[in-house]
$ cat start.tsv   # TSV, C-alpha atoms
chain	number	residue	atom	x	y	z
A	1	MET	CA	-14.65	-18.05	-8.23
A	2	ALA	CA	-14.91	-20.32	-11.24
A	3	TYR	CA	-14.54	-19.57	-14.93
A	4	VAL	CA	-15.02	-21.75	-17.99
A	5	ALA	CA	-13.18	-21.87	-21.29
A	6	ILE	CA	-14.92	-20.36	-24.30
A	7	GLN	CA	-14.68	-22.19	-27.60
A	8	GLY	CA	-13.74	-19.92	-30.50
A	9	GLY	CA	-12.93	-17.05	-28.16
A	10	GLU	CA	-9.52	-16.27	-29.65
A	11	GLU	CA	-10.92	-15.22	-33.03
A	12	ALA	CA	-13.71	-13.22	-31.37
A	13	ILE	CA	-11.15	-11.33	-29.27
A	14	ARG	CA	-9.04	-10.63	-32.36
A	15	GLN	CA	-12.04	-9.20	-34.18
A	16	ALA	CA	-13.00	-7.13	-31.13
A	17	ASP	CA	-9.54	-5.55	-31.20
A	18	ARG	CA	-9.88	-4.83	-34.93
A	19	LEU	CA	-13.28	-3.24	-34.39
A	20	ARG	CA	-11.86	-1.00	-31.69
A	21	GLU	CA	-9.10	0.11	-34.06
A	22	PHE	CA	-11.75	0.81	-36.68
A	23	LEU	CA	-13.63	3.04	-34.24
A	24	ARG	CA	-10.42	4.97	-33.57
A	25	THR	CA	-9.82	5.57	-37.29
A	26	ARG	CA	-13.39	5.51	-38.64
A	27	GLN	CA	-13.41	9.13	-39.79
A	28	GLY	CA	-10.97	8.21	-42.52
A	29	GLU	CA	-10.37	11.21	-44.75
A	30	LYS	CA	-12.31	13.57	-42.47
A	31	SER	CA	-9.64	13.63	-39.76
A	32	ARG	CA	-5.95	13.13	-39.16
A	33	PRO	CA	-4.18	10.99	-36.53
A	34	VAL	CA	-3.88	12.85	-33.23
A	35	ASP	CA	-0.34	14.10	-32.70
A	36	LEU	CA	1.26	13.09	-29.39
A	37	GLU	CA	2.60	16.59	-28.79
A	38	ALA	CA	-0.86	18.04	-29.40
A	39	ILE	CA	-2.29	15.74	-26.73
A	40	ALA	CA	0.30	16.89	-24.18
A	41	CYS	CA	-0.14	20.59	-24.98
A	42	GLN	CA	-3.85	20.97	-25.73
A	43	LEU	CA	-5.21	18.34	-23.35
A	44	GLU	CA	-2.87	19.23	-20.50
A	45	ALA	CA	-5.35	18.59	-17.70
A	46	LEU	CA	-6.08	15.06	-18.93
A	47	HIS	CA	-2.41	14.47	-19.73
A	48	SER	CA	-1.44	15.50	-16.19
A	49	ARG	CA	-3.90	13.01	-14.72
A	50	ILE	CA	-2.26	10.18	-16.63
A	51	LEU	CA	1.24	11.17	-15.54
A	52	SER	CA	0.09	11.12	-11.92
A	53	GLU	CA	-2.20	8.10	-11.87
A	54	GLY	CA	0.15	6.10	-14.09
A	55	GLY	CA	2.98	6.76	-11.64
A	56	LEU	CA	5.50	7.41	-14.41
A	57	TYR	CA	6.66	10.83	-15.55
A	58	HIS	CA	7.08	10.31	-19.29
A	59	GLU	CA	5.24	12.94	-21.30
A	60	GLU	CA	5.42	11.16	-24.66
A	61	LEU	CA	4.29	7.80	-23.33
A	62	ALA	CA	1.44	9.43	-21.40
A	63	SER	CA	0.24	10.94	-24.70
A	64	LEU	CA	0.59	7.58	-26.43
A	65	ALA	CA	-1.40	5.88	-23.68
A	66	LEU	CA	-4.20	8.40	-24.12
A	67	LYS	CA	-4.15	7.98	-27.88
A	68	GLN	CA	-4.35	4.18	-27.86
A	69	SER	CA	-7.01	4.18	-25.14
A	70	MET	CA	-9.15	6.67	-27.13
A	71	GLY	CA	-9.09	9.13	-24.24
A	72	ASP	CA	-10.09	6.74	-21.46
A	73	PRO	CA	-8.03	8.01	-18.47
A	74	LEU	CA	-8.24	4.75	-16.50
A	75	GLU	CA	-7.14	2.62	-19.45
A	76	ALA	CA	-4.37	5.10	-20.25
A	77	ALA	CA	-3.07	5.12	-16.68
A	78	PHE	CA	-3.24	1.31	-16.66
A	79	ALA	CA	-1.10	1.11	-19.82
A	80	LEU	CA	1.45	3.57	-18.48
A	81	ARG	CA	1.70	1.79	-15.13
A	82	ALA	CA	2.03	-1.59	-16.87
A	83	TYR	CA	4.92	-0.24	-18.96
A	84	ARG	CA	6.57	1.17	-15.85
A	85	SER	CA	6.53	-2.24	-14.21
A	86	THR	CA	8.78	-3.60	-17.00
A	87	ARG	CA	11.55	-1.05	-16.51
A	88	PRO	CA	14.52	-1.57	-14.17
A	89	ARG	CA	15.22	0.80	-11.31
A	90	ASN	CA	18.77	2.05	-11.78
A	91	VAL	CA	19.13	4.65	-9.05
A	92	GLU	CA	17.18	6.48	-6.34
A	93	THR	CA	17.18	10.22	-5.79
A	94	SER	CA	17.77	11.97	-2.52
A	95	PRO	CA	14.82	13.91	-1.00
A	96	HIS	CA	13.95	17.00	-3.04
A	97	SER	CA	12.87	20.39	-1.70
A	98	THR	CA	9.99	21.97	-3.57
A	99	GLU	CA	11.37	25.42	-2.70
A	100	THR	CA	13.49	24.98	-5.83
A	101	MET	CA	10.45	24.65	-8.10
A	102	ARG	CA	10.41	26.91	-11.14
A	103	LEU	CA	6.95	28.27	-10.47
A	104	ILE	CA	4.20	29.01	-12.97
A	105	ARG	CA	1.46	29.37	-10.35
A	106	ARG	CA	1.53	29.99	-6.61
A	107	ILE	CA	-1.31	31.17	-4.39
A	108	SER	CA	-2.33	31.24	-0.74
A	109	ALA	CA	-5.82	31.43	0.68
A	110	ALA	CA	-4.45	32.01	4.18
A	111	PHE	CA	-2.60	35.29	3.56
A	112	LYS	CA	-3.27	38.15	1.18
A	113	ASP	CA	0.35	39.30	1.04
A	114	ILE	CA	2.97	36.55	0.84
A	115	PRO	CA	6.73	36.75	0.17
A	116	GLY	CA	7.14	37.04	-3.59
A	117	GLY	CA	3.45	37.81	-4.11
A	118	GLN	CA	0.53	35.77	-5.35
A	119	ILE	CA	1.06	34.31	-8.83
A	120	LEU	CA	-2.22	33.43	-10.49
A	121	GLY	CA	-0.63	31.68	-13.47
A	122	PRO	CA	-2.77	29.56	-15.82
A	123	THR	CA	-6.09	28.91	-14.09
A	124	PRO	CA	-9.81	28.72	-14.98
A	125	ASP	CA	-10.77	29.85	-11.45
A	126	PHE	CA	-11.91	33.29	-12.58
A	127	SER	CA	-13.30	32.38	-16.00
A	128	LEU	CA	-16.94	32.03	-16.94
A	129	ARG	CA	-17.87	28.42	-17.73
A	130	LEU	CA	-19.31	29.36	-21.11
A	131	MET	CA	-18.88	27.48	-24.36
A	132	ARG	CA	-16.33	29.08	-26.69
A	133	PHE	CA	-18.01	28.35	-29.99
A	134	GLU	CA	-15.25	30.09	-31.94
A	135	LEU	CA	-13.04	27.08	-31.21
A	136	MET	CA	-15.28	24.84	-33.31
A	137	GLN	CA	-13.59	26.16	-36.45
A	138	GLU	CA	-10.27	27.51	-35.23
A	139	PRO	CA	-7.98	28.61	-38.10
A	140	ASP	CA	-4.42	27.32	-37.98
A	141	ARG	CA	-3.07	30.86	-38.41
A	142	GLU	CA	-5.08	32.19	-35.48
A	143	PHE	CA	-4.00	29.22	-33.38
A	144	ALA	CA	-0.33	29.96	-33.99
A	145	ARG	CA	-0.71	33.75	-33.70
A	146	TRP	CA	-1.91	33.72	-30.11
A	147	ALA	CA	1.16	31.98	-28.68
A	148	GLY	CA	3.50	34.23	-30.66
A	149	GLU	CA	1.85	37.41	-29.41
A	150	TRP	CA	1.90	36.19	-25.82
A	151	LEU	CA	5.62	35.40	-25.90
A	152	SER	CA	6.51	38.70	-27.55
A	153	GLY	CA	4.66	40.63	-24.84
A	154	LEU	CA	6.54	39.14	-21.87
A	155	PRO	CA	8.69	41.57	-19.86
A	156	GLU	CA	12.45	41.36	-20.32
A	157	ASP	CA	13.22	41.91	-16.63
A	158	ASN	CA	14.57	38.92	-14.79
A	159	VAL	CA	11.91	37.70	-12.40
A	160	SER	CA	12.65	35.20	-9.65
A	161	LEU	CA	10.70	32.01	-10.28
A	162	THR	CA	11.59	30.34	-6.97
A	163	MET	CA	9.82	31.39	-3.80
A	164	PRO	CA	10.00	30.56	-0.06
A	165	LYS	CA	7.27	28.43	1.47
A	166	VAL	CA	4.25	30.27	2.88
A	167	VAL	CA	3.76	27.87	5.80
A	168	ASP	CA	7.23	28.80	7.07
A	169	ILE	CA	5.63	32.06	8.22
A	170	LEU	CA	3.57	30.07	10.69
A	171	ARG	CA	6.53	27.94	11.74
A	172	GLN	CA	8.59	31.04	12.49
A	173	ARG	CA	5.83	32.20	14.86
A	174	GLY	CA	5.55	28.79	16.49
A	175	LEU	CA	2.00	28.35	15.22
A	176	LEU	CA	2.81	25.25	13.19
A	177	ALA	CA	4.99	22.29	14.09
A	178	GLU	CA	8.30	21.81	12.32
A	179	ALA	CA	8.27	19.48	9.35
A	180	ASP	CA	8.72	15.79	10.10
A	181	PRO	CA	12.29	14.55	9.62
A	182	VAL	CA	12.94	12.80	6.33
A	183	PRO	CA	12.96	9.01	6.91
A	184	GLY	CA	16.11	7.11	6.06
A	185	ALA	CA	14.27	4.75	3.70
A	186	ALA	CA	10.71	5.50	2.65
A	187	PHE	CA	8.17	2.73	2.17
A	188	ASP	CA	7.89	1.67	-1.48
A	189	VAL	CA	4.30	0.89	-2.48
A	190	THR	CA	5.43	-0.46	-5.87
A	191	ARG	CA	7.47	-3.24	-4.23
A	192	GLU	CA	5.90	-3.87	-0.83
A	193	PRO	CA	2.27	-4.71	0.01
A	194	LEU	CA	0.26	-2.42	2.26
A	195	VAL	CA	-0.05	-3.98	5.71
A	196	PHE	CA	-2.16	-1.77	7.95
A	197	PRO	CA	-1.49	0.42	9.75
A	198	VAL	CA	1.00	1.85	7.25
A	199	ALA	CA	3.54	4.64	7.57
A	200	ARG	CA	2.61	8.10	6.35
A	201	SER	CA	5.09	7.78	3.48
A	202	ALA	CA	3.15	4.75	2.21
A	203	ALA	CA	-0.15	6.63	2.45
A	204	LEU	CA	1.26	9.64	0.59
A	205	GLN	CA	2.71	7.45	-2.16
A	206	THR	CA	-0.57	5.62	-2.60
A	207	MET	CA	-2.50	8.88	-2.83
A	208	ALA	CA	0.03	10.39	-5.24
A	209	ARG	CA	-0.98	7.62	-7.69
A	210	GLY	CA	-4.64	7.64	-6.68
A	211	GLU	CA	-7.52	8.32	-9.04
A	212	THR	CA	-8.50	11.98	-8.97
A	213	GLY	CA	-12.25	11.44	-8.85
A	214	GLY	CA	-12.09	8.82	-6.12
A	215	MET	CA	-9.89	10.99	-3.93
A	216	LEU	CA	-12.10	14.00	-4.51
A	217	ALA	CA	-15.20	12.04	-3.47
A	218	LEU	CA	-13.66	10.92	-0.18
A	219	ALA	CA	-12.18	14.33	0.59
A	220	TYR	CA	-15.52	15.98	-0.22
A	221	SER	CA	-17.27	13.69	2.26
A	222	ASN	CA	-15.11	15.26	4.97
A	223	MET	CA	-15.60	18.80	3.66
A	224	ARG	CA	-19.38	18.58	3.81
A	225	GLY	CA	-19.70	17.15	7.27
A	226	TYR	CA	-18.26	13.64	7.70
A	227	GLY	CA	-15.33	15.10	9.58
A	228	ASP	CA	-14.28	18.44	11.01
A	229	LEU	CA	-11.07	19.75	9.48
A	230	HIS	CA	-12.00	23.32	8.40
A	231	PRO	CA	-9.03	23.46	5.99
A	232	THR	CA	-7.39	26.54	4.47
A	233	VAL	CA	-4.97	26.43	1.56
A	234	GLY	CA	-1.71	27.64	3.09
A	235	GLU	CA	0.00	27.39	-0.28
A	236	LEU	CA	-0.76	25.85	-3.63
A	237	ARG	CA	2.12	25.84	-6.07
A	238	VAL	CA	2.49	24.52	-9.61
A	239	GLY	CA	5.83	24.43	-11.35
A	240	TYR	CA	8.81	22.50	-12.60
A	241	LEU	CA	10.88	20.69	-9.99
A	242	PRO	CA	14.54	20.03	-10.87
A	243	VAL	CA	15.39	16.33	-10.64
A	244	LEU	CA	18.75	15.62	-9.03
A	245	LEU	CA	20.67	12.34	-9.25
A	246	PRO	CA	24.01	11.46	-7.70
A	247	HIS	CA	26.91	11.49	-10.16
A	248	HIS	CA	28.28	7.97	-10.62
A	249	VAL	CA	31.86	9.14	-9.95
A	250	SER	CA	31.76	12.12	-7.61
A	251	GLY	CA	28.53	11.18	-5.84
A	252	GLN	CA	27.39	14.81	-5.95
A	253	ASP	CA	23.84	15.57	-7.03
A	254	ILE	CA	23.52	16.86	-10.59
A	255	GLU	CA	20.39	18.09	-12.37
A	256	ILE	CA	19.21	15.78	-15.13
A	257	GLY	CA	15.90	17.46	-15.97
A	258	GLU	CA	12.69	18.67	-14.39
A	259	VAL	CA	9.15	17.45	-13.81
A	260	LEU	CA	5.90	19.41	-13.72
A	261	MET	CA	4.31	19.07	-10.28
A	262	THR	CA	1.44	20.40	-8.19
A	263	GLU	CA	1.85	20.77	-4.43
A	264	CYS	CA	-0.64	21.78	-1.76
A	265	GLU	CA	-0.03	22.47	1.92
A	266	MET	CA	-3.37	22.62	3.70
A	267	ILE	CA	-3.61	24.31	7.10
A	268	THR	CA	-6.23	22.73	9.33
A	269	LYS	CA	-7.68	23.52	12.76
A	270	TYR	CA	-5.35	23.91	15.69
A	271	GLU	CA	-5.01	21.20	18.30
A	272	SER	CA	-3.76	21.09	21.87
A	273	LYS	CA	-0.42	19.44	22.53
A	274	ALA	CA	0.75	17.70	25.67
A	275	ASP	CA	4.29	19.07	25.33
A	276	GLY	CA	3.54	22.62	24.27
A	277	PRO	CA	0.99	25.26	23.28
A	278	PRO	CA	-1.72	24.55	20.66
A	279	GLN	CA	-0.61	24.63	17.02
A	280	PHE	CA	-2.19	24.42	13.59
A	281	THR	CA	-2.06	21.06	11.84
A	282	LEU	CA	-1.02	20.44	8.25
A	283	GLY	CA	-2.11	18.20	5.41
A	284	TYR	CA	0.12	17.62	2.40
A	285	GLY	CA	-0.58	16.77	-1.22
A	286	ALA	CA	1.70	16.49	-4.24
A	287	CYS	CA	1.37	14.84	-7.64
A	288	PHE	CA	2.87	14.82	-11.11
A	289	GLY	CA	1.44	17.29	-13.62
A	290	HIS	CA	-0.90	20.24	-13.17
A	291	ASN	CA	-3.77	18.82	-11.13
A	292	GLU	CA	-4.85	21.18	-8.37
A	293	THR	CA	-8.04	19.32	-7.47
A	294	LYS	CA	-6.11	16.15	-6.76
A	295	ALA	CA	-3.40	17.91	-4.74
A	296	ILE	CA	-6.00	19.65	-2.57
A	297	ALA	CA	-8.02	16.45	-2.07
A	298	MET	CA	-4.83	14.60	-1.20
A	299	ALA	CA	-3.86	17.22	1.39
A	300	VAL	CA	-7.30	16.95	3.01
A	301	LEU	CA	-7.13	13.14	3.08
A	302	ASP	CA	-3.60	13.22	4.45
A	303	ARG	CA	-4.78	15.22	7.42
A	304	CYS	CA	-7.86	13.00	7.81
A	305	LEU	CA	-5.70	9.89	7.96
A	306	GLN	CA	-3.32	11.45	10.48
A	307	LYS	CA	-6.27	12.30	12.71
A	308	GLY	CA	-7.79	8.85	12.27
A	309	GLN	CA	-4.55	7.10	13.24
A	310	ARG	CA	-4.24	9.17	16.38
A	311	ASP	CA	-7.85	9.38	17.59
A	312	GLY	CA	-9.44	6.43	15.83
A	313	ALA	CA	-11.42	6.65	12.61
A	314	GLU	CA	-14.86	8.14	13.20
A	315	HIS	CA	-15.61	8.67	9.50
A	316	PRO	CA	-14.71	6.78	6.28
A	317	ALA	CA	-12.19	9.38	5.11
A	318	GLU	CA	-10.24	8.92	8.36
A	319	ASP	CA	-9.79	5.17	7.97
A	320	GLN	CA	-6.49	4.16	6.35
A	321	GLU	CA	-7.67	0.87	4.95
A	322	TYR	CA	-10.93	2.33	3.63
A	323	VAL	CA	-9.21	5.22	1.87
A	324	LEU	CA	-6.03	3.66	0.53
A	325	LEU	CA	-7.67	0.50	-0.79
A	326	HIS	CA	-10.42	2.38	-2.63
A	327	ILE	CA	-8.67	5.28	-4.37
A	328	ASP	CA	-6.52	3.34	-6.81
A	329	GLY	CA	-8.25	3.69	-10.17
A	330	ILE	CA	-6.44	0.73	-11.71
A	331	ASP	CA	-7.43	-1.69	-8.95
A	332	SER	CA	-11.02	-0.48	-8.74
A	333	MET	CA	-11.47	-0.45	-12.54
A	334	GLY	CA	-10.10	-3.97	-12.79
A	335	PHE	CA	-12.43	-5.36	-10.15
A	336	CYS	CA	-15.42	-3.48	-11.55
A	337	ASN	CA	-14.82	-4.62	-15.13
A	338	HIS	CA	-14.07	-8.22	-14.18
A	339	PHE	CA	-17.81	-8.66	-13.70
A	340	LYS	CA	-18.07	-8.59	-17.50
A	341	MET	CA	-16.05	-11.82	-17.70
A	342	PRO	CA	-17.84	-15.21	-17.84
A	343	HIS	CA	-19.31	-16.25	-14.49
A	344	TYR	CA	-21.42	-19.08	-15.87
A	345	VAL	CA	-20.52	-21.65	-13.22
A	346	THR	CA	-20.99	-19.40	-10.19
A	347	PHE	CA	-24.26	-17.97	-11.48
A	348	GLN	CA	-25.56	-21.45	-12.29
A	349	ALA	CA	-24.79	-22.41	-8.69
A	350	GLU	CA	-26.76	-19.40	-7.45
A	351	MET	CA	-29.70	-20.37	-9.68
A	352	ASP	CA	-29.63	-23.93	-8.30
A	353	ALA	CA	-29.56	-22.60	-4.74
A	354	LEU	CA	-32.50	-20.32	-5.48
A	355	ASP	CA	-34.48	-23.19	-7.02
A	356	GLN	CA	-33.87	-25.35	-3.95
A	357	THR	CA	-34.89	-22.52	-1.62
A	358	ARG	CA	-38.10	-21.89	-3.57
A	359	ALA	CA	-38.90	-25.62	-3.62
A	360	GLY	CA	-38.29	-25.92	0.10
A	361	SER	CA	-40.58	-23.02	0.85
A	362	GLY	CA	-43.35	-24.48	-1.30
A	363	VAL	CA	-43.41	-21.59	-3.75
$ encode --input "start.tsv" --output "structure tokens"
Amino acid sequence: MAYVAIQGGEEAIRQADRLREFLRTRQGEKSRPVDLEAIACQLEALHSRILSEGGLYHEELASLALKQSMGDPLEAAFALRAYRSTRPRNVETSPHSTETMRLIRRISAAFKDIPGGQILGPTPDFSLRLMRFELMQEPDREFARWAGEWLSGLPEDNVSLTMPKVVDILRQRGLLAEADPVPGAAFDVTREPLVFPVARSAALQTMARGETGGMLALAYSNMRGYGDLHPTVGELRVGYLPVLLPHHVSGQDIEIGEVLMTECEMITKYESKADGPPQFTLGYGACFGHNETKAIAMAVLDRCLQKGQRDGAEHPAEDQEYVLLHIDGIDSMGFCNHFKMPHYVTFQAEMDALDQTRAGSGV
């Protein structure tokens, strides 16, 4: 593909950047700069997408990326991922168990009664999708009052915020296979290229950074007929996972903080096994932030890819290469937007070829 230099392009690019900054600040006295903390708290769903798709858990930088990109989630994730690529890797954690998550939401569609009970937590699942016009002019005092009243009304009893895994109920009955052993060294998609077929760890990592809408589209294709999973949410949990790092002297794991995560374990149709009775199968999804749609779509795609590797891909969502090379929002945005760049030489060649074809056909 050929490109040509553009005379005077540097000044035009500089002015384009200035115009974009003007658009961000054009309200002048009518508005104030958006506070980074306000972005993280009041736009949590969007903020969570950036944490996940950017592949870096840094709440303040995710807010900054959203602010400078004027709310464009792909541009924001791009900026966050670009920053991440400049930072050194100092240490690696050991595998973490999500049983230690400090839960704020935990549900199961497979069982009504689960150990510890269903925890609805913050969710719009049962709300009417109606416009709340009172928020158009929300007084500062009313805004602050709501949070204060909520906190003052919480019970003082100590409530356990860690719960056992729901799918362990099935494992105890032999209806679900034991979890795969943790590999000694997982594939690292940030340092190694994908060479198909790839290990499941590589597929899960790629999907954990995948673009929510792209993953949803592919998973939905399976849900509506291009596949046959019949999934049921065994457990969906949202909460804060303690991050453990080995102490530089003792080598023992110590907690250095926590990250907000969403995890989904999707139970799918049972299959016969050559070495034992039939068992349910399982798809897994996990991502940074509170993003249930992505975690569910990821769990569906995980199971699709497992089935496709074993039986051969009959549908697009079961093909590793098709899925993993098309769900990365940064890659797909870059290729899509590159068509805006100058293609004068290649298009001129196409015009010449068309002229010759028309002349040869006597048109």
$ atom_distance --input "start.tsv" --atom1 "CA of Arg105 (chain A)" --atom2 "CA of Ser127 (chain A)"
16.1 Å
$ atom_distance --input "start.tsv" --atom1 "CA of Glu265 (chain A)" --atom2 "CA of Thr206 (chain A)"
17.5 Å
$ residues_around --input "start.tsv" --residues "Gly276 (chain A)" --least-positions-apart "2" --cutoff "12 Å" --atoms "all atoms listed in the file" --output "PyMOL selection string"
chain A and resi 174-177+271-274+278-279
$ closest_atom_pairs --input "start.tsv" --of "region 56-97 of chain A" --to "region 21-45 of chain A" --cutoff "9 Å" --atoms "only C-alpha atoms" --output "Markdown table"
| residue | atom | partner | partner_atom | distance |
| --- | --- | --- | --- | --- |
| A:Glu59 | CA | A:Ala40 | CA | 6.9 |
| A:Glu60 | CA | A:Leu36 | CA | 6.6 |
| A:Leu61 | CA | A:Leu36 | CA | 8.6 |
| A:Ala62 | CA | A:Ala40 | CA | 8.0 |
| A:Ser63 | CA | A:Leu36 | CA | 5.3 |
| A:Leu64 | CA | A:Leu36 | CA | 6.3 |
| A:Leu66 | CA | A:Ile39 | CA | 8.0 |
| A:Lys67 | CA | A:Val34 | CA | 7.2 |
| A:Gln68 | CA | A:Arg24 | CA | 8.4 |
| A:Met70 | CA | A:Arg24 | CA | 6.8 |
$ closest_residue --input "start.tsv" --among "A:Arg84, A:Arg102, A:Lys112, A:Lys294" --to "Leu218 (chain A)" --atoms "only C-alpha atoms"
A:Lys294
$ residues_near_point --input "start.tsv" --point "(-4.7, 4.6, -16.8)" --cutoff "9 Å" --atoms "only C-alpha atoms" --output "NGL selection string"
:A and (49-51 or 53-54 or 65-66 or 69 or 72-81 or 329-330)
$ closest_residue --input "start.tsv" --among "A:Arg209, A:Arg89, A:Arg145, A:Arg224" --to "Met298 (chain A)" --atoms "all atoms listed in the file"
A:Arg209
$ residues_near_point --input "start.tsv" --point "(4.8, 33.0, -0.5)" --cutoff "8 Å" --atoms "all atoms listed in the file" --output "ChimeraX atom specification"
/A:106-108,113-118,163-166,235
$ closest_residue --input "start.tsv" --among "A:Ser48, A:Thr93, A:Gln306, A:Gln172" --to "Asp319 (chain A)" --atoms "all atoms listed in the file"
A:Gln306
$ residues_around --input "start.tsv" --residues "Thr98 (chain A)" --least-positions-apart "5" --cutoff "9 Å" --atoms "all atoms listed in the file" --output "list in words"
Lys165, Leu241, Pro242 and Glu263 of chain A
$ closest_residue --input "start.tsv" --among "A:Ser221, A:Ser94, A:Gln356, A:Asn337" --to "Gly251 (chain A)" --atoms "only C-alpha atoms"
A:Ser94
$ atom_distance --input "start.tsv" --atom1 "CA of Thr100 (chain A)" --atom2 "CA of Thr162 (chain A)"
5.8 Å
$ closest_residue --input "start.tsv" --among "A:Ala16, A:Glu211, A:Glu138, A:Asp302" --to "Met333 (chain A)" --atoms "all atoms listed in the file"
A:Glu211
$ decode --input "start.tsv" --residues "region 354-360 of chain A" --atoms "all heavy atoms" --output "PDB file, in the first residue's frame"
ATOM      1  N   LEU A 354      -9.265   0.660 -14.274  1.00  0.00           N
ATOM      2  CA  LEU A 354     -10.653   0.726 -14.739  1.00  0.00           C
ATOM      3  C   LEU A 354     -10.734   1.338 -16.129  1.00  0.00           C
ATOM      4  O   LEU A 354     -11.488   0.852 -16.995  1.00  0.00           O
ATOM      5  CB  LEU A 354     -11.495   1.527 -13.742  1.00  0.00           C
ATOM      6  CG  LEU A 354     -12.956   1.753 -14.132  1.00  0.00           C
ATOM      7  CD1 LEU A 354     -13.689   0.424 -14.320  1.00  0.00           C
ATOM      8  CD2 LEU A 354     -13.675   2.613 -13.093  1.00  0.00           C
ATOM      9  N   ASP A 355      -9.973   2.392 -16.370  1.00  0.00           N
ATOM     10  CA  ASP A 355      -9.950   3.027 -17.697  1.00  0.00           C
ATOM     11  C   ASP A 355      -9.497   2.044 -18.767  1.00  0.00           C
ATOM     12  O   ASP A 355     -10.074   1.987 -19.869  1.00  0.00           O
ATOM     13  CB  ASP A 355      -9.044   4.258 -17.686  1.00  0.00           C
ATOM     14  CG  ASP A 355      -9.650   5.430 -16.923  1.00  0.00           C
ATOM     15  OD1 ASP A 355     -10.883   5.430 -16.760  1.00  0.00           O
ATOM     16  OD2 ASP A 355      -8.882   6.305 -16.483  1.00  0.00           O
ATOM     17  N   GLN A 356      -8.450   1.271 -18.462  1.00  0.00           N
ATOM     18  CA  GLN A 356      -7.954   0.297 -19.431  1.00  0.00           C
ATOM     19  C   GLN A 356      -8.990  -0.803 -19.689  1.00  0.00           C
ATOM     20  O   GLN A 356      -9.171  -1.236 -20.831  1.00  0.00           O
ATOM     21  CB  GLN A 356      -6.655  -0.328 -18.914  1.00  0.00           C
ATOM     22  CG  GLN A 356      -5.495   0.660 -18.825  1.00  0.00           C
ATOM     23  CD  GLN A 356      -4.244   0.026 -18.247  1.00  0.00           C
ATOM     24  OE1 GLN A 356      -4.145  -1.203 -18.122  1.00  0.00           O
ATOM     25  NE2 GLN A 356      -3.280   0.867 -17.885  1.00  0.00           N
ATOM     26  N   THR A 357      -9.680  -1.235 -18.642  1.00  0.00           N
ATOM     27  CA  THR A 357     -10.699  -2.259 -18.807  1.00  0.00           C
ATOM     28  C   THR A 357     -11.855  -1.757 -19.659  1.00  0.00           C
ATOM     29  O   THR A 357     -12.350  -2.454 -20.558  1.00  0.00           O
ATOM     30  CB  THR A 357     -11.235  -2.702 -17.436  1.00  0.00           C
ATOM     31  OG1 THR A 357     -10.138  -3.219 -16.641  1.00  0.00           O
ATOM     32  CG2 THR A 357     -12.285  -3.792 -17.573  1.00  0.00           C
ATOM     33  N   ARG A 358     -12.274  -0.528 -19.388  1.00  0.00           N
ATOM     34  CA  ARG A 358     -13.374   0.073 -20.184  1.00  0.00           C
ATOM     35  C   ARG A 358     -12.957   0.258 -21.640  1.00  0.00           C
ATOM     36  O   ARG A 358     -13.753   0.017 -22.554  1.00  0.00           O
ATOM     37  CB  ARG A 358     -13.807   1.393 -19.569  1.00  0.00           C
ATOM     38  CG  ARG A 358     -14.529   1.245 -18.245  1.00  0.00           C
ATOM     39  CD  ARG A 358     -14.605   2.572 -17.500  1.00  0.00           C
ATOM     40  NE  ARG A 358     -15.313   3.586 -18.238  1.00  0.00           N
ATOM     41  CZ  ARG A 358     -16.619   3.835 -18.130  1.00  0.00           C
ATOM     42  NH1 ARG A 358     -17.368   3.100 -17.300  1.00  0.00           N
ATOM     43  NH2 ARG A 358     -17.198   4.781 -18.845  1.00  0.00           N
ATOM     44  N   ALA A 359     -11.684   0.674 -21.846  1.00  0.00           N
ATOM     45  CA  ALA A 359     -11.224   0.868 -23.232  1.00  0.00           C
ATOM     46  C   ALA A 359     -11.134  -0.464 -23.969  1.00  0.00           C
ATOM     47  O   ALA A 359     -11.479  -0.554 -25.159  1.00  0.00           O
ATOM     48  CB  ALA A 359      -9.849   1.560 -23.217  1.00  0.00           C
ATOM     49  N   GLY A 360     -10.685  -1.500 -23.245  1.00  0.00           N
ATOM     50  CA  GLY A 360     -10.577  -2.798 -23.885  1.00  0.00           C
ATOM     51  C   GLY A 360     -11.917  -3.426 -24.219  1.00  0.00           C
ATOM     52  O   GLY A 360     -12.036  -4.223 -25.158  1.00  0.00           O
TER      53      GLY A 360
END
